[in-house]
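Q: Following this line is input-v3.cif, made up of mmCIF, C-alpha atoms; chains and numbers go by the auth columns:
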```cif
data_final
#
loop_
_atom_site.group_PDB
_atom_site.id
_atom_site.type_symbol
_atom_site.label_atom_id
_atom_site.label_comp_id
_atom_site.label_asym_id
_atom_site.label_seq_id
_atom_site.Cartn_x
_atom_site.Cartn_y
_atom_site.Cartn_z
_atom_site.B_iso_or_equiv
_atom_site.auth_seq_id
_atom_site.auth_asym_id
ATOM 1 C CA MET A 1 110.257 77.198 117.772 0.00 994 A
ATOM 2 C CA MET A 2 107.250 75.797 115.932 0.00 995 A
ATOM 3 C CA ALA A 3 104.111 77.853 115.276 0.00 996 A
ATOM 4 C CA SER A 4 102.026 75.992 117.863 0.00 997 A
ATOM 5 C CA SER A 5 104.600 76.693 120.570 0.00 998 A
ATOM 6 C CA HIS A 6 104.850 80.367 119.673 0.00 999 A
ATOM 7 C CA ALA A 7 101.052 80.657 119.717 0.00 1000 A
ATOM 8 C CA ALA A 8 100.883 79.009 123.144 0.00 1001 A
ATOM 9 C CA THR A 9 103.428 81.432 124.610 0.00 1002 A
ATOM 10 C CA GLY A 10 101.571 84.339 123.015 0.00 1003 A
ATOM 11 C CA LEU A 11 98.270 83.116 124.472 0.00 1004 A
ATOM 12 C CA ILE A 12 99.506 83.344 128.042 0.00 1005 A
ATOM 13 C CA ALA A 13 101.447 86.553 127.319 0.00 1006 A
ATOM 14 C CA GLY A 14 98.346 88.235 125.908 0.00 1007 A
ATOM 15 C CA LEU A 15 96.277 87.175 128.898 0.00 1008 A
ATOM 16 C CA LEU A 16 98.864 88.456 131.383 0.00 1009 A
ATOM 17 C CA ALA A 17 99.383 91.727 129.494 0.00 1010 A
ATOM 18 C CA THR A 18 95.636 92.401 129.441 0.00 1011 A
ATOM 19 C CA ALA A 19 95.328 91.598 133.137 0.00 1012 A
ATOM 20 C CA ALA A 20 98.254 93.879 133.965 0.00 1013 A
ATOM 21 C CA LEU A 21 96.621 96.766 132.122 0.00 1014 A
ATOM 22 C CA SER A 22 93.184 96.170 133.603 0.00 1015 A
ATOM 23 C CA PRO A 23 93.617 98.728 136.438 0.00 1016 A
ATOM 24 C CA VAL A 24 94.332 101.392 133.816 0.00 1017 A
ATOM 25 C CA PHE A 25 91.870 100.606 131.033 0.00 1018 A
ATOM 26 C CA GLY A 26 89.489 98.162 132.688 0.00 1019 A
ATOM 27 C CA ALA A 27 89.193 94.610 131.403 0.00 1020 A
ATOM 28 C CA GLY A 28 86.454 92.114 132.020 0.00 1021 A
ATOM 29 C CA PRO A 29 86.285 88.468 130.933 0.00 1022 A
ATOM 30 C CA VAL A 30 85.561 89.428 127.315 0.00 1023 A
ATOM 31 C CA GLU A 31 88.579 91.725 127.109 0.00 1024 A
ATOM 32 C CA LEU A 32 90.776 89.095 128.762 0.00 1025 A
ATOM 33 C CA ALA A 33 89.702 86.513 126.197 0.00 1026 A
ATOM 34 C CA ALA A 34 90.296 88.982 123.382 0.00 1027 A
ATOM 35 C CA GLY A 35 93.730 89.842 124.731 0.00 1028 A
ATOM 36 C CA ALA A 36 94.731 86.191 124.976 0.00 1029 A
ATOM 37 C CA ALA A 37 93.558 85.533 121.405 0.00 1030 A
ATOM 38 C CA VAL A 38 95.374 88.578 120.016 0.00 1031 A
ATOM 39 C CA GLY A 39 98.526 87.560 121.884 0.00 1032 A
ATOM 40 C CA ALA A 40 98.445 84.079 120.341 0.00 1033 A
ATOM 41 C CA GLY A 41 98.382 85.547 116.845 0.00 1034 A
ATOM 42 C CA ALA A 42 100.843 88.332 117.576 0.00 1035 A
ATOM 43 C CA ALA A 43 103.374 85.731 118.694 0.00 1036 A
ATOM 44 C CA LEU A 44 103.460 84.450 115.108 0.00 1037 A
ATOM 45 C CA LEU A 45 103.972 87.842 113.442 0.00 1038 A
ATOM 46 C CA PRO A 46 107.808 87.914 113.555 0.00 1039 A
ATOM 47 C CA ASP A 47 107.901 84.885 111.251 0.00 1040 A
ATOM 48 C CA VAL A 48 106.481 87.041 108.454 0.00 1041 A
ATOM 49 C CA ASP A 49 110.141 87.070 107.399 0.00 1042 A
ATOM 50 C CA HIS A 50 109.911 83.376 106.423 0.00 1043 A
ATOM 51 C CA PRO A 51 108.268 82.460 103.088 0.00 1044 A
ATOM 52 C CA ALA A 52 106.653 79.269 104.465 0.00 1045 A
ATOM 53 C CA SER A 53 105.496 80.457 107.888 0.00 1046 A
ATOM 54 C CA THR A 54 101.946 80.320 109.233 0.00 1047 A
ATOM 55 C CA VAL A 55 101.461 84.074 109.012 0.00 1048 A
ATOM 56 C CA THR A 56 102.894 84.203 105.472 0.00 1049 A
ATOM 57 C CA ARG A 57 100.491 81.515 104.271 0.00 1050 A
ATOM 58 C CA PHE A 58 97.439 82.827 106.171 0.00 1051 A
ATOM 59 C CA GLN A 59 95.855 84.829 103.334 0.00 1052 A
ATOM 60 C CA GLY A 60 97.566 83.327 100.324 0.00 1053 A
ATOM 61 C CA PRO A 61 99.011 85.772 97.760 0.00 1054 A
ATOM 62 C CA VAL A 62 98.244 88.818 99.922 0.00 1055 A
ATOM 63 C CA THR A 63 100.254 87.712 102.949 0.00 1056 A
ATOM 64 C CA ARG A 64 102.945 86.216 100.708 0.00 1057 A
ATOM 65 C CA LEU A 65 103.362 89.682 99.201 0.00 1058 A
ATOM 66 C CA VAL A 66 103.538 91.189 102.689 0.00 1059 A
ATOM 67 C CA SER A 67 106.159 88.593 103.595 0.00 1060 A
ATOM 68 C CA ALA A 68 108.249 89.469 100.552 0.00 1061 A
ATOM 69 C CA GLY A 69 108.127 93.128 101.578 0.00 1062 A
ATOM 70 C CA ALA A 70 109.036 92.264 105.169 0.00 1063 A
ATOM 71 C CA ARG A 71 112.030 90.222 104.020 0.00 1064 A
ATOM 72 C CA TRP A 72 113.170 93.062 101.741 0.00 1065 A
ATOM 73 C CA ILE A 73 112.948 95.576 104.588 0.00 1066 A
ATOM 74 C CA SER A 74 114.802 93.253 106.954 0.00 1067 A
ATOM 75 C CA ALA A 75 117.586 92.680 104.442 0.00 1068 A
ATOM 76 C CA ALA A 76 117.841 96.390 103.679 0.00 1069 A
ATOM 77 C CA VAL A 77 118.094 97.314 107.364 0.00 1070 A
ATOM 78 C CA TYR A 78 120.633 94.547 107.926 0.00 1071 A
ATOM 79 C CA HIS A 79 122.930 95.682 105.141 0.00 1072 A
ATOM 80 C CA ARG A 80 122.684 99.328 106.188 0.00 1073 A
ATOM 81 C CA THR A 81 123.460 98.669 109.859 0.00 1074 A
ATOM 82 C CA ALA A 82 125.734 95.602 109.793 0.00 1075 A
ATOM 83 C CA THR A 83 129.307 95.936 110.943 0.00 1076 A
ATOM 84 C CA ALA A 84 132.356 94.200 109.519 0.00 1077 A
ATOM 85 C CA ALA A 85 131.922 91.503 112.173 0.00 1078 A
ATOM 86 C CA ASP A 86 128.389 90.594 111.081 0.00 1079 A
ATOM 87 C CA THR A 87 128.389 87.635 108.729 0.00 1080 A
ATOM 88 C CA ALA A 88 124.759 86.775 107.912 0.00 1081 A
ATOM 89 C CA ARG A 89 124.051 85.673 104.344 0.00 1082 A
ATOM 90 C CA ASN A 90 121.049 87.908 103.620 0.00 1083 A
ATOM 91 C CA GLY A 91 119.672 89.360 106.870 0.00 1084 A
ATOM 92 C CA GLU A 92 116.108 88.163 106.291 0.00 1085 A
ATOM 93 C CA HIS A 93 114.818 85.398 108.590 0.00 1086 A
ATOM 94 C CA ARG A 94 115.415 85.929 112.324 0.00 1087 A
ATOM 95 C CA HIS A 95 116.783 89.406 111.879 0.00 1088 A
ATOM 96 C CA LEU A 96 114.876 92.711 112.015 0.00 1089 A
ATOM 97 C CA TRP A 97 111.424 91.279 112.800 0.00 1090 A
ATOM 98 C CA HIS A 98 112.850 89.170 115.623 0.00 1091 A
ATOM 99 C CA THR A 99 114.188 92.154 117.573 0.00 1092 A
ATOM 100 C CA PRO A 100 112.569 93.821 120.608 0.00 1093 A
ATOM 101 C CA ALA A 101 112.880 97.130 118.763 0.00 1094 A
ATOM 102 C CA ALA A 102 110.651 95.861 115.936 0.00 1095 A
ATOM 103 C CA ALA A 103 108.148 94.431 118.430 0.00 1096 A
ATOM 104 C CA LEU A 104 107.799 97.755 120.221 0.00 1097 A
ATOM 105 C CA ALA A 105 107.522 99.691 116.954 0.00 1098 A
ATOM 106 C CA ALA A 106 104.866 97.332 115.549 0.00 1099 A
ATOM 107 C CA GLY A 107 102.942 97.414 118.801 0.00 1100 A
ATOM 108 C CA ALA A 108 102.971 101.209 118.890 0.00 1101 A
ATOM 109 C CA ALA A 109 101.830 101.492 115.258 0.00 1102 A
ATOM 110 C CA LEU A 110 99.041 98.905 115.486 0.00 1103 A
ATOM 111 C CA GLY A 111 97.929 100.112 118.910 0.00 1104 A
ATOM 112 C CA THR A 112 97.643 103.703 117.704 0.00 1105 A
ATOM 113 C CA ALA A 113 95.675 102.661 114.633 0.00 1106 A
ATOM 114 C CA ALA A 114 93.345 100.424 116.692 0.00 1107 A
ATOM 115 C CA SER A 115 92.700 103.210 119.185 0.00 1108 A
ATOM 116 C CA LEU A 116 91.817 105.788 116.521 0.00 1109 A
ATOM 117 C CA ASN A 117 89.762 103.713 114.109 0.00 1110 A
ATOM 118 C CA PRO A 118 87.263 100.910 114.882 0.00 1111 A
ATOM 119 C CA TRP A 119 87.900 99.383 111.449 0.00 1112 A
ATOM 120 C CA ALA A 120 91.598 99.176 112.239 0.00 1113 A
ATOM 121 C CA LEU A 121 90.749 97.581 115.583 0.00 1114 A
ATOM 122 C CA GLY A 122 88.588 95.032 113.800 0.00 1115 A
ATOM 123 C CA ALA A 123 91.383 94.302 111.325 0.00 1116 A
ATOM 124 C CA VAL A 124 93.923 93.763 114.109 0.00 1117 A
ATOM 125 C CA LEU A 125 91.510 91.452 115.941 0.00 1118 A
ATOM 126 C CA TRP A 126 90.587 89.504 112.814 0.00 1119 A
ATOM 127 C CA PHE A 127 94.129 88.983 111.578 0.00 1120 A
ATOM 128 C CA THR A 128 95.771 88.102 114.866 0.00 1121 A
ATOM 129 C CA ILE A 129 92.928 85.821 115.999 0.00 1122 A
ATOM 130 C CA GLY A 130 92.906 84.042 112.628 0.00 1123 A
ATOM 131 C CA VAL A 131 96.663 83.499 112.646 0.00 1124 A
ATOM 132 C CA GLY A 132 96.487 82.405 116.274 0.00 1125 A
ATOM 133 C CA LEU A 133 93.823 79.798 115.514 0.00 1126 A
ATOM 134 C CA ARG A 134 95.979 78.394 112.724 0.00 1127 A
ATOM 135 C CA GLY A 135 98.999 78.277 114.999 0.00 1128 A
ATOM 136 C CA LEU A 136 97.296 76.729 118.021 0.00 1129 A
ATOM 137 C CA THR A 137 95.853 73.896 115.935 0.00 1130 A
ATOM 138 C CA GLN A 138 99.171 72.888 114.381 0.00 1131 A
ATOM 139 C CA SER A 139 101.247 69.972 115.554 0.00 1132 A
ATOM 140 C CA PRO A 140 103.793 70.745 118.303 0.00 1133 A
ATOM 141 C CA THR A 141 106.392 68.826 116.273 0.00 1134 A
ATOM 142 C CA ARG A 142 107.593 69.278 112.728 0.00 1135 A
ATOM 143 C CA ARG A 143 104.800 68.976 110.154 0.00 1136 A
ATOM 144 C CA ARG A 144 103.917 65.409 109.204 0.00 1137 A
ATOM 145 C CA ARG A 145 101.983 64.350 106.123 0.00 1138 A
ATOM 146 C CA GLY A 146 98.279 64.513 106.855 0.00 1139 A
ATOM 147 C CA ASP A 147 98.842 66.716 109.892 0.00 1140 A
ATOM 148 C CA GLN A 148 97.107 69.979 108.997 0.00 1141 A
ATOM 149 C CA PRO A 149 96.062 72.956 111.150 0.00 1142 A
ATOM 150 C CA LEU A 150 92.624 74.545 111.046 0.00 1143 A
ATOM 151 C CA SER A 151 91.910 75.253 107.378 0.00 1144 A
ATOM 152 C CA ARG A 152 92.520 78.763 106.074 0.00 1145 A
ATOM 153 C CA PRO A 153 88.863 79.446 105.107 0.00 1146 A
ATOM 154 C CA LEU A 154 87.569 78.191 108.451 0.00 1147 A
ATOM 155 C CA ALA A 155 90.157 80.157 110.434 0.00 1148 A
ATOM 156 C CA THR A 156 89.381 83.278 108.388 0.00 1149 A
ATOM 157 C CA LEU A 157 85.640 82.942 108.948 0.00 1150 A
ATOM 158 C CA ALA A 158 85.933 82.071 112.629 0.00 1151 A
ATOM 159 C CA ALA A 159 88.256 85.021 113.246 0.00 1152 A
ATOM 160 C CA ALA A 160 85.872 87.392 111.450 0.00 1153 A
ATOM 161 C CA VAL A 161 82.902 86.211 113.524 0.00 1154 A
ATOM 162 C CA ILE A 162 84.857 86.443 116.779 0.00 1155 A
ATOM 163 C CA ALA A 163 86.201 89.919 115.944 0.00 1156 A
ATOM 164 C CA LEU A 164 82.716 91.143 115.027 0.00 1157 A
ATOM 165 C CA LEU A 165 81.208 89.766 118.224 0.00 1158 A
ATOM 166 C CA LEU A 166 83.966 91.337 120.313 0.00 1159 A
ATOM 167 C CA VAL A 167 83.605 94.780 118.752 0.00 1160 A
ATOM 168 C CA ARG A 168 79.792 94.786 118.715 0.00 1161 A
ATOM 169 C CA GLY A 169 79.678 93.230 122.170 0.00 1162 A
ATOM 170 C CA GLY A 170 81.505 96.148 123.705 0.00 1163 A
ATOM 171 C CA ALA A 171 84.989 94.744 124.045 0.00 1164 A
ATOM 172 C CA SER A 172 87.452 97.609 124.022 0.00 1165 A
ATOM 173 C CA PRO A 173 90.950 96.225 123.434 0.00 1166 A
ATOM 174 C CA GLY A 174 91.874 99.237 121.326 0.00 1167 A
ATOM 175 C CA PRO A 175 93.809 101.156 124.009 0.00 1168 A
ATOM 176 C CA TYR A 176 95.980 98.183 124.860 0.00 1169 A
ATOM 177 C CA ALA A 177 95.983 96.213 121.592 0.00 1170 A
ATOM 178 C CA GLY A 178 99.436 97.572 120.824 0.00 1171 A
ATOM 179 C CA VAL A 179 100.818 96.391 124.165 0.00 1172 A
ATOM 180 C CA ILE A 180 99.432 92.903 123.533 0.00 1173 A
ATOM 181 C CA VAL A 181 100.881 92.788 120.011 0.00 1174 A
ATOM 182 C CA ALA A 182 104.274 93.896 121.322 0.00 1175 A
ATOM 183 C CA ALA A 183 104.112 91.316 124.129 0.00 1176 A
ATOM 184 C CA GLY A 184 103.289 88.540 121.684 0.00 1177 A
ATOM 185 C CA MET A 185 106.121 89.483 119.353 0.00 1178 A
ATOM 186 C CA LEU A 186 108.540 89.737 122.269 0.00 1179 A
ATOM 187 C CA VAL A 187 107.767 86.261 123.590 0.00 1180 A
ATOM 188 C CA HIS A 188 108.289 84.951 120.054 0.00 1181 A
ATOM 189 C CA SER A 189 111.812 86.363 120.023 0.00 1182 A
ATOM 190 C CA PHE A 190 112.514 85.140 123.558 0.00 1183 A
ATOM 191 C CA GLY A 191 111.256 81.704 122.558 0.00 1184 A
ATOM 192 C CA ASP A 192 113.584 81.575 119.573 0.00 1185 A
ATOM 193 C CA ALA A 193 116.404 82.645 121.881 0.00 1186 A
ATOM 194 C CA LEU A 194 115.985 79.240 123.550 0.00 1187 A
ATOM 195 C CA THR A 195 116.829 77.451 120.298 0.00 1188 A
ATOM 196 C CA ARG A 196 120.201 76.813 118.722 0.00 1189 A
ATOM 197 C CA SER A 197 119.978 79.633 116.175 0.00 1190 A
ATOM 198 C CA ALA A 198 119.137 82.384 118.732 0.00 1191 A
ATOM 199 C CA VAL A 199 118.104 85.919 117.694 0.00 1192 A
ATOM 200 C CA PRO A 200 119.569 89.475 117.623 0.00 1193 A
ATOM 201 C CA LEU A 201 118.002 90.604 120.909 0.00 1194 A
ATOM 202 C CA ALA A 202 120.390 93.545 121.386 0.00 1195 A
ATOM 203 C CA TRP A 203 119.948 95.222 117.975 0.00 1196 A
ATOM 204 C CA PRO A 204 120.781 98.049 117.290 0.00 1197 A
ATOM 205 C CA LEU A 205 123.365 97.927 120.085 0.00 1198 A
ATOM 206 C CA ARG A 206 126.758 96.374 119.433 0.00 1199 A
ATOM 207 C CA ILE A 207 127.871 93.214 121.202 0.00 1200 A
ATOM 208 C CA ARG A 208 131.597 92.525 120.724 0.00 1201 A
ATOM 209 C CA GLY A 209 131.561 94.574 117.564 0.00 1202 A
ATOM 210 C CA ARG A 210 128.502 92.882 116.090 0.00 1203 A
ATOM 211 C CA ARG A 211 125.226 94.771 115.771 0.00 1204 A
ATOM 212 C CA TRP A 212 123.407 91.571 114.754 0.00 1205 A
ATOM 213 C CA ALA A 213 124.867 89.274 117.406 0.00 1206 A
ATOM 214 C CA MET A 214 122.675 86.192 117.842 0.00 1207 A
ATOM 215 C CA LEU A 215 121.909 85.994 121.542 0.00 1208 A
ATOM 216 C CA GLY A 216 120.145 83.365 123.615 0.00 1209 A
ATOM 217 C CA THR A 217 120.412 81.146 126.636 0.00 1210 A
ATOM 218 C CA PRO A 218 123.735 79.399 127.306 0.00 1211 A
ATOM 219 C CA ARG A 219 124.472 77.000 124.470 0.00 1212 A
ATOM 220 C CA CYS A 220 124.257 73.974 126.748 0.00 1213 A
ATOM 221 C CA LEU A 221 120.617 74.876 127.476 0.00 1214 A
ATOM 222 C CA ARG A 222 119.482 75.534 123.899 0.00 1215 A
ATOM 223 C CA PHE A 223 117.479 72.951 121.997 0.00 1216 A
ATOM 224 C CA ALA A 224 116.601 72.145 118.396 0.00 1217 A
ATOM 225 C CA THR A 225 113.338 73.459 116.991 0.00 1218 A
ATOM 226 C CA GLY A 226 110.600 70.878 117.600 0.00 1219 A
ATOM 227 C CA ALA A 227 112.564 68.968 120.262 0.00 1220 A
ATOM 228 C CA TRP A 228 110.966 67.744 123.500 0.00 1221 A
ATOM 229 C CA PRO A 229 111.949 70.801 125.614 0.00 1222 A
ATOM 230 C CA GLU A 230 109.904 72.943 123.245 0.00 1223 A
ATOM 231 C CA ARG A 231 106.887 70.698 123.755 0.00 1224 A
ATOM 232 C CA VAL A 232 107.320 71.103 127.496 0.00 1225 A
ATOM 233 C CA VAL A 233 107.209 74.890 127.076 0.00 1226 A
ATOM 234 C CA ARG A 234 104.073 74.616 124.943 0.00 1227 A
ATOM 235 C CA VAL A 235 102.220 72.342 127.366 0.00 1228 A
ATOM 236 C CA ALA A 236 103.239 74.473 130.360 0.00 1229 A
ATOM 237 C CA CYS A 237 101.911 77.640 128.716 0.00 1230 A
ATOM 238 C CA LEU A 238 98.625 76.026 127.730 0.00 1231 A
ATOM 239 C CA ALA A 239 98.194 74.559 131.207 0.00 1232 A
ATOM 240 C CA ALA A 240 98.882 77.947 132.786 0.00 1233 A
ATOM 241 C CA VAL A 241 96.099 79.711 130.867 0.00 1234 A
ATOM 242 C CA PRO A 242 93.121 78.295 132.840 0.00 1235 A
ATOM 243 C CA ALA A 243 94.988 78.668 136.115 0.00 1236 A
ATOM 244 C CA VAL A 244 95.779 82.330 135.426 0.00 1237 A
ATOM 245 C CA TRP A 245 92.224 82.902 134.186 0.00 1238 A
ATOM 246 C CA ILE A 246 90.727 81.539 137.427 0.00 1239 A
ATOM 247 C CA ALA A 247 93.124 83.608 139.492 0.00 1240 A
ATOM 248 C CA ILE A 248 92.254 86.797 137.615 0.00 1241 A
ATOM 249 C CA VAL A 249 88.518 86.429 137.115 0.00 1242 A
#
```
Please lay out the structure from this file as structure tokens.
A:
Amino acid sequence: MMASSHAATGLIAGLLATAALSPVFGAGPVELAAGAAVGAGAALLPDVDHPASTVTRFQGPVTRLVSAGARWISAAVYHRTATAADTARNGEHRHLWHTPAAALAAGAALGTAASLNPWALGAVLWFTIGVGLRGLTQSPTRRRRGDQPLSRPLATLAAAVIALLLVRGGASPGPYAGVIVAAGMLVHSFGDALTRSAVPLAWPLRIRGRRWAMLGTPRCLRFATGAWPERVVRVACLAAVPAVWIAIV
């Protein structure tokens, strides 16, 4: 799926996750908005394993270096855990970082850091909101010449201002930031499972001898990245956000 579609699914996932946790941690309108924004950005994180993705390009050389490290880790884990039946070329894109196991691990790590340190919370808010803004403003189809998302400097500045206002305004997404990040990453993988390439949803379990079996919906229901069914998913998610917001608030 394209970045804008992933961000849209993450937006609604973040809102629902925050609402679901409200009885435990308490969440008002500000926290709900923060959760939705974090979810939109978190839904783009798995594509850190692609050298041209939105998250890889977000902060130039810094995030490109992070992407290179993420691809190296994914390839290393693939080669150490692959069976004789696994036939991927390098184990980078749509491998480790597109698994539910990686989503839960990343959510636990970032959630713990955000709960213990306000600077870490601010960093999680800034990065995910910035990436989410870039994703939501991209075209729902494959990139055309002249079709650009929100510029990197503007997204960076806007995310910093929003994160600062949220933290100083009393928003407390720290306790559940990890859950929102995990939810966003999970809906990314489930979204890619709707496409023709699918993803290794069962890793590290074996499916018919393959630990990296690419799983998804029945092949007759899968679609190409950027095709009209994906745009339907994107529009449906965006349309659901105000409806869910009204129902919750």
Q: Might you spell out which residues the PyMOL selection byres ((chain A and resi 1182-1188) around 6) would select in the displayed file, as a list in words?
A: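 When the PyMOL selection byres ((chain A and resi 1182-1188) around 6) is applied, the selected residues are Met994, His1091, Leu1179, Val1180, His1181, Arg1189, Ser1190, Ala1191, Val1192, Gly1209, Thr1210, Arg1215, Phe1216 and Ala1217 of chain A.
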Q: Decode the PyMOL selection byres ((chain A and resi 1151) around 12) for the given file into explicit residues and return them as a list in words.
A: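 Selected by the PyMOL selection byres ((chain A and resi 1151) around 12) in this file: Leu1118, Trp1119, Phe1120, Thr1121, Ile1122, Gly1123, Val1124, Gly1125, Leu1126, Arg1127, Leu1143, Ser1144, Arg1145, Pro1146, Leu1147, Ala1148, Thr1149, Leu1150, Ala1152, Ala1153, Val1154, Ile1155, Ala1156, Leu1157 and Leu1158 of chain A.
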Q: Leaving out region 1007-1017 of chain A and any residue of its chain fewer than 2 positions from it, which residues lie within 9 Å of it when counting only C-alpha atoms, given as a VMD selection string?
A: chain A and resid 1002 to 1005 1019 to 1021 1024 to 1033 1035 1166 1169 to 1170 1172 to 1174 1176 to 1177 1234 1237 to 1238 1241
Q: Which residues, named as in the file, does the PyMOL selection byres ((chain A and resi 1230) around 10) pick out? Answer as a ChimeraX atom specification.
A: /A:998-1006,1224-1229,1231-1235
Q: Which neighbours of Arg1057 (chain A) fall inside 12 Å, counting all atoms listed in the file, when residues of the same chain fewer than 6 positions from it are skipped, and could you give them as a list in words?
A: Asp1040, Val1041, Asp1042, His1043, Pro1044, Ala1045, Ser1046, Thr1047, Val1048, Thr1049, Arg1050, Phe1051, Ala1063 and Arg1064 of chain A
Q: Which centre and which edge lengths, in Å to one decimal, describe the axis-aligned box that holds all listed atoms of region 1049-1068 of chain A after 8 Å is added on each side, as lines of an AutoDock Vina configuration file?
A:
```
center_x = 106.7
center_y = 88.5
center_z = 102.4
size_x = 37.7
size_y = 30.1
size_z = 25.2
```
Q: Work out how far apart CA of Trp1196 (chain A) and CA of Arg1087 (chain A) are and give it in Å to one decimal.
A: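 A separation of 11.8 Å between them.
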Q: Hey, can you check how far CA of Arg1073 (chain A) sits from CA of Arg1204 (chain A)?
A: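 Separation of CA of Arg1073 (chain A) and CA of Arg1204 (chain A): 10.9 Å.
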Q: Can you measure CA of Arg1199 (chain A) to CA of Met1178 (chain A) for me? One decimal in Å is fine.
A: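 Pair CA of Arg1199 (chain A) / CA of Met1178 (chain A) returns 21.8 Å.
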Q: Restricting the calculation to all atoms listed in the file: of A:Leu1214, A:Leu1089, A:Val1055, A:Ala1102, which residue gets closest to Val1070 (chain A)?
A: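 Selected residue with least distance to Val1070 (chain A): A:Leu1089.
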Q: When distances are computed from all atoms listed in the file, which of A:Leu1103, A:Ala1078, A:Ala1096, A:Ala1236 shows the smallest separation from Trp1205 (chain A)?
A: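 The answer is A:Ala1078, which sits nearest to Trp1205 (chain A).
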